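Colleague: Encoded as structure tokens, here's the structure I'll be asking about.
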Amino acid sequence: MVVSCINRGLGGIECLSGIPGLVGAAPIQNVGAYGQEVRDTIVSLNALDQSTNEVVSFSGRECGFSYRQSRFKSRDANKYIITQVTFRLRNDASPEIRYPELRTHLESTVRLETLSSGRPSLLAVREAVLALRRKKSMVIDPTDPHTRSVGSFFVNPVLTTQEFRHFEERWKGAGRSEPIPTFPAGERVKVPAAWLVEHSGFHKGYRAGGVGISIHHALALVNYGGTSRELLDLARKIQEKVHERFGIHLEREPVVVES
């Protein structure tokens, strides 16, 4: 879908390049990457109500989107099957680069101002996003064992200013002077989950039996020939240690289906 839109010069989802999955799944957790989220472009969607077999329509506003969240993941979890999504994209668009890491990479490889709007500039952003994702083993590659993951396993916590103040006091109380990286999230503060994981003792390359953490990204829990149970046990240990050290609960991104 992303490639098809870029080839038509339609902007608004180019930063979602390399994310595996289907269109109908994107609204469920408000899929996003590198400064873009699908809530920015979703106008409406249709969904099958599994209890009545009726098709229901929702406007983008009615979807209850927030950071990695929607009504279909929270209060209406497992109630609907999303069958159709309508996006509003920008024709002959120039990309809006909001994510610092992406901007830095682009500026080192291409001068966007020299590219015409539409497909050339959108394609340059796509290639930059894919390059960044490959460096983190976040693009499916059978030759790279570190790609055997579900991507980022934990959601970046979004804290109120009071919660962040308590977190900061706890950090400084432990004798640490290193600044905590943050990103604005409206009136709240977003803290990188990867930073929390690594500062809780789980470094890149950490191994536990047949599973571990990618050498390229602290949020990618990788199966190196182990079991799903081993992977979930590692995730639980990370959550417990982060909560013990920082008082913050890490929410899992993937949905676990128990059989």
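Residues in the structure tokens are named by chain (A, B, ... in the order shown) and by number from 1 within that chain; ligands are numbered from 1 in the order shown.
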Considering only C-alpha atoms, return as a count of residues only whatever protein or nucleic-acid residues lie within 10 Å of Leu106 (chain A), sequence-local ones (same chain, fewer than 3 positions apart) excluded.

Modeller: 14

Colleague: Skipping near chain neighbours, those fewer than 6 positions away, what residues fall within 10 Å of Leu232 (chain A) using only C-alpha atoms, listed as a PyMOL selection string?

Modeller: chain A and resi 211+221+238+256

Colleague: For C-alpha atoms, I'd like the residues from the last selection saved as a CSV table (one decimal), in the first residue's frame.

Modeller:
```csv
chain,number,residue,atom,x,y,z
A,211,VAL,CA,15.8,-15.9,23.0
A,221,LEU,CA,13.0,-9.4,21.5
A,238,ILE,CA,12.1,-6.9,31.6
A,256,VAL,CA,-0.5,-12.5,22.7
```

Colleague: Rank A:Gly60, A:Pro181, A:Pro20, A:Gly175 by their smallest atom-to-atom distance to Thr147 (chain A), using only C-alpha atoms, and report the top residue only.

Modeller: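 Counting only C-alpha atoms, the residue closest to Thr147 (chain A) is A:Pro20.
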
Colleague: Excluding same-chain residues fewer than 2 positions from Ser117 (chain A), what lies within 7 Å of it counting only C-alpha atoms, as an NGL selection string?

Modeller: :A and (92-94 or 115 or 119-121)

Colleague: Kindly save the residues from that selection, with C-alpha atoms included, as a PDB file, in the first residue's frame.

Modeller:
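Result saved to result-v2.pdb:
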```
ATOM      1  CA  ASP A  92       1.923  15.770  -5.352  1.00  0.00           C
ATOM      2  CA  ALA A  93       3.081  16.192  -1.769  1.00  0.00           C
ATOM      3  CA  SER A  94       6.358  17.165  -0.190  1.00  0.00           C
ATOM      4  CA  LEU A 115      13.947  16.992  -5.404  1.00  0.00           C
ATOM      5  CA  ARG A 119       7.177  10.751  -5.973  1.00  0.00           C
ATOM      6  CA  PRO A 120      10.915  11.742  -5.962  1.00  0.00           C
ATOM      7  CA  SER A 121      10.879  13.313  -2.491  1.00  0.00           C
TER       8      SER A 121
END
```

Colleague: What gap, in Å, lies between CA of Arg126 (chain A) and CA of Ala26 (chain A)?

Modeller: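 Taking CA of Arg126 (chain A) and CA of Ala26 (chain A), their separation equals 17.9 Å.
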
Colleague: With a distance cut-off of 8 Å and only C-alpha atoms, select the neighbouring residues of Ala185 (chain A), excluding the residue or stretch itself and same-chain residues fewer than 4 positions from it, and output the selection as a short mmCIF file (atom, residue, chain, number, x, y, z; two decimals) with C-alpha atoms, in the first residue's frame.

Modeller:
```
data_model
loop_
_atom_site.label_atom_id
_atom_site.label_comp_id
_atom_site.auth_asym_id
_atom_site.auth_seq_id
_atom_site.Cartn_x
_atom_site.Cartn_y
_atom_site.Cartn_z
CA VAL A 158 3.64 8.52 27.99
CA VAL A 189 6.05 13.46 28.21
CA LYS A 190 7.09 10.41 26.20
#
```

Colleague: Tell me which of A:Gln84, A:Ser116, A:Asn78, A:Asn7 sits closest to Ser57 (chain A), counting only C-alpha atoms.

Modeller: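 Closest to Ser57 (chain A) of all the choices is A:Gln84.
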
Colleague: Pick from A:Val257, A:Met1, A:Leu22, A:Ile180: nearest to Ser228 (chain A), with only C-alpha atoms counted?

Modeller: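 That would be A:Val257, the residue with the smallest distance to Ser228 (chain A).
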
Colleague: Just to confirm, what's the straight-line distance from CA of Leu122 (chain A) to CA of Asp40 (chain A) in Å (one decimal)?

Modeller: 16.6 Å

Colleague: Could you list, as a VMD selection string, every residue within 10 Å of Phe167 (chain A), counting only C-alpha atoms and ignoring same-chain residues fewer than 4 positions away?

Modeller: chain A and resid 159 161 to 163 171 to 173 180 245 to 248

Colleague: Mind checking DSSP for region 38-166 of chain A and telling me the strand (DSSP E) residues as a ChimeraX atom specification?

Modeller: /A:42-49,54-59,80-87,90-91,158-159

Colleague: Can you work out which one of A:Arg165, A:Lys241, A:Arg170, A:Arg133 has the shortest atom-to-atom distance to Gly201 (chain A), counting only C-alpha atoms?

Modeller: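 For Gly201 (chain A), the nearest of the given residues is A:Lys241.
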
Colleague: Which residues in region 126-254 of chain A does DSSP call helix (DSSP H, G or I)? List them as a PDB file with C-alpha atoms, in the first residue's frame.

Modeller:
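And here is the file that came out, states-v9.pdb:
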```pdb
ATOM      1  CA  ARG A 126      10.935   5.812   2.007  1.00  0.00           C
ATOM      2  CA  GLU A 127      14.502   4.746   1.215  1.00  0.00           C
ATOM      3  CA  ALA A 128      15.811   6.605   4.259  1.00  0.00           C
ATOM      4  CA  VAL A 129      13.228   4.968   6.514  1.00  0.00           C
ATOM      5  CA  LEU A 130      14.069   1.513   5.168  1.00  0.00           C
ATOM      6  CA  ALA A 131      17.792   2.173   5.662  1.00  0.00           C
ATOM      7  CA  LEU A 132      17.221   3.146   9.295  1.00  0.00           C
ATOM      8  CA  ARG A 133      14.990   0.130   9.883  1.00  0.00           C
ATOM      9  CA  ARG A 134      17.547  -2.242   8.331  1.00  0.00           C
ATOM     10  CA  LYS A 135      20.255  -0.912  10.662  1.00  0.00           C
ATOM     11  CA  PRO A 145      18.721 -13.707  12.455  1.00  0.00           C
ATOM     12  CA  HIS A 146      17.972 -10.536  14.408  1.00  0.00           C
ATOM     13  CA  THR A 147      14.852  -9.893  12.310  1.00  0.00           C
ATOM     14  CA  THR A 161       4.232  15.931  34.082  1.00  0.00           C
ATOM     15  CA  GLN A 162       3.758  14.820  37.694  1.00  0.00           C
ATOM     16  CA  GLU A 163       4.575  11.195  36.861  1.00  0.00           C
ATOM     17  CA  PHE A 164       7.682  12.285  34.996  1.00  0.00           C
ATOM     18  CA  ARG A 165       8.757  14.473  37.914  1.00  0.00           C
ATOM     19  CA  HIS A 166       8.509  11.477  40.293  1.00  0.00           C
ATOM     20  CA  PHE A 167      10.422   9.355  37.765  1.00  0.00           C
ATOM     21  CA  GLU A 168      13.142  12.005  37.492  1.00  0.00           C
ATOM     22  CA  GLU A 169      13.419  12.295  41.276  1.00  0.00           C
ATOM     23  CA  ARG A 170      13.775   8.522  41.524  1.00  0.00           C
ATOM     24  CA  TRP A 171      16.510   8.572  38.876  1.00  0.00           C
ATOM     25  CA  LYS A 172      18.452  11.339  40.586  1.00  0.00           C
ATOM     26  CA  GLY A 173      17.871   9.731  43.984  1.00  0.00           C
ATOM     27  CA  ALA A 193      11.081   2.371  26.266  1.00  0.00           C
ATOM     28  CA  ALA A 194      14.438   1.265  24.821  1.00  0.00           C
ATOM     29  CA  TRP A 195      16.242   3.597  27.237  1.00  0.00           C
ATOM     30  CA  LEU A 196      14.295   2.131  30.171  1.00  0.00           C
ATOM     31  CA  VAL A 197      15.085  -1.418  29.087  1.00  0.00           C
ATOM     32  CA  GLU A 198      18.814  -0.783  28.713  1.00  0.00           C
ATOM     33  CA  SER A 228       7.335 -18.515  22.683  1.00  0.00           C
ATOM     34  CA  ARG A 229       7.211 -19.191  26.418  1.00  0.00           C
ATOM     35  CA  GLU A 230      10.888 -18.280  26.776  1.00  0.00           C
ATOM     36  CA  LEU A 231      10.273 -15.056  24.876  1.00  0.00           C
ATOM     37  CA  LEU A 232       7.272 -14.108  27.016  1.00  0.00           C
ATOM     38  CA  ASP A 233       9.216 -14.939  30.189  1.00  0.00           C
ATOM     39  CA  LEU A 234      11.995 -12.589  29.072  1.00  0.00           C
ATOM     40  CA  ALA A 235       9.430  -9.875  28.369  1.00  0.00           C
ATOM     41  CA  ARG A 236       7.937 -10.333  31.829  1.00  0.00           C
ATOM     42  CA  LYS A 237      11.359 -10.103  33.491  1.00  0.00           C
ATOM     43  CA  ILE A 238      12.096  -6.884  31.637  1.00  0.00           C
ATOM     44  CA  GLN A 239       8.740  -5.419  32.696  1.00  0.00           C
ATOM     45  CA  GLU A 240       9.353  -6.383  36.320  1.00  0.00           C
ATOM     46  CA  LYS A 241      12.856  -4.908  36.395  1.00  0.00           C
ATOM     47  CA  VAL A 242      11.764  -1.630  34.744  1.00  0.00           C
ATOM     48  CA  HIS A 243       8.929  -1.300  37.257  1.00  0.00           C
ATOM     49  CA  GLU A 244      11.213  -2.133  40.163  1.00  0.00           C
ATOM     50  CA  ARG A 245      13.842   0.407  39.113  1.00  0.00           C
ATOM     51  CA  PHE A 246      11.700   3.224  37.739  1.00  0.00           C
TER      52      PHE A 246
END
```

Colleague: Nearest residue to Ile28 (chain A) out of A:Ser108, A:Thr143, A:Thr83, A:Ser214, using only C-alpha atoms?

Modeller: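 Between A:Ser108, A:Thr143, A:Thr83, A:Ser214, the residue approaching Ile28 (chain A) most closely is A:Thr83.
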
Colleague: Smallest atom-to-atom distance to Val55 (chain A): which of A:Arg39, A:Lys79, A:Lys204, A:Arg188, using only C-alpha atoms?

Modeller: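 Closest candidate: A:Lys79.
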
Colleague: Between CA of Ala25 (chain A) and CA of Leu123 (chain A), what is the distance in Å, rounded to a tenth?

Modeller: 23.8 Å
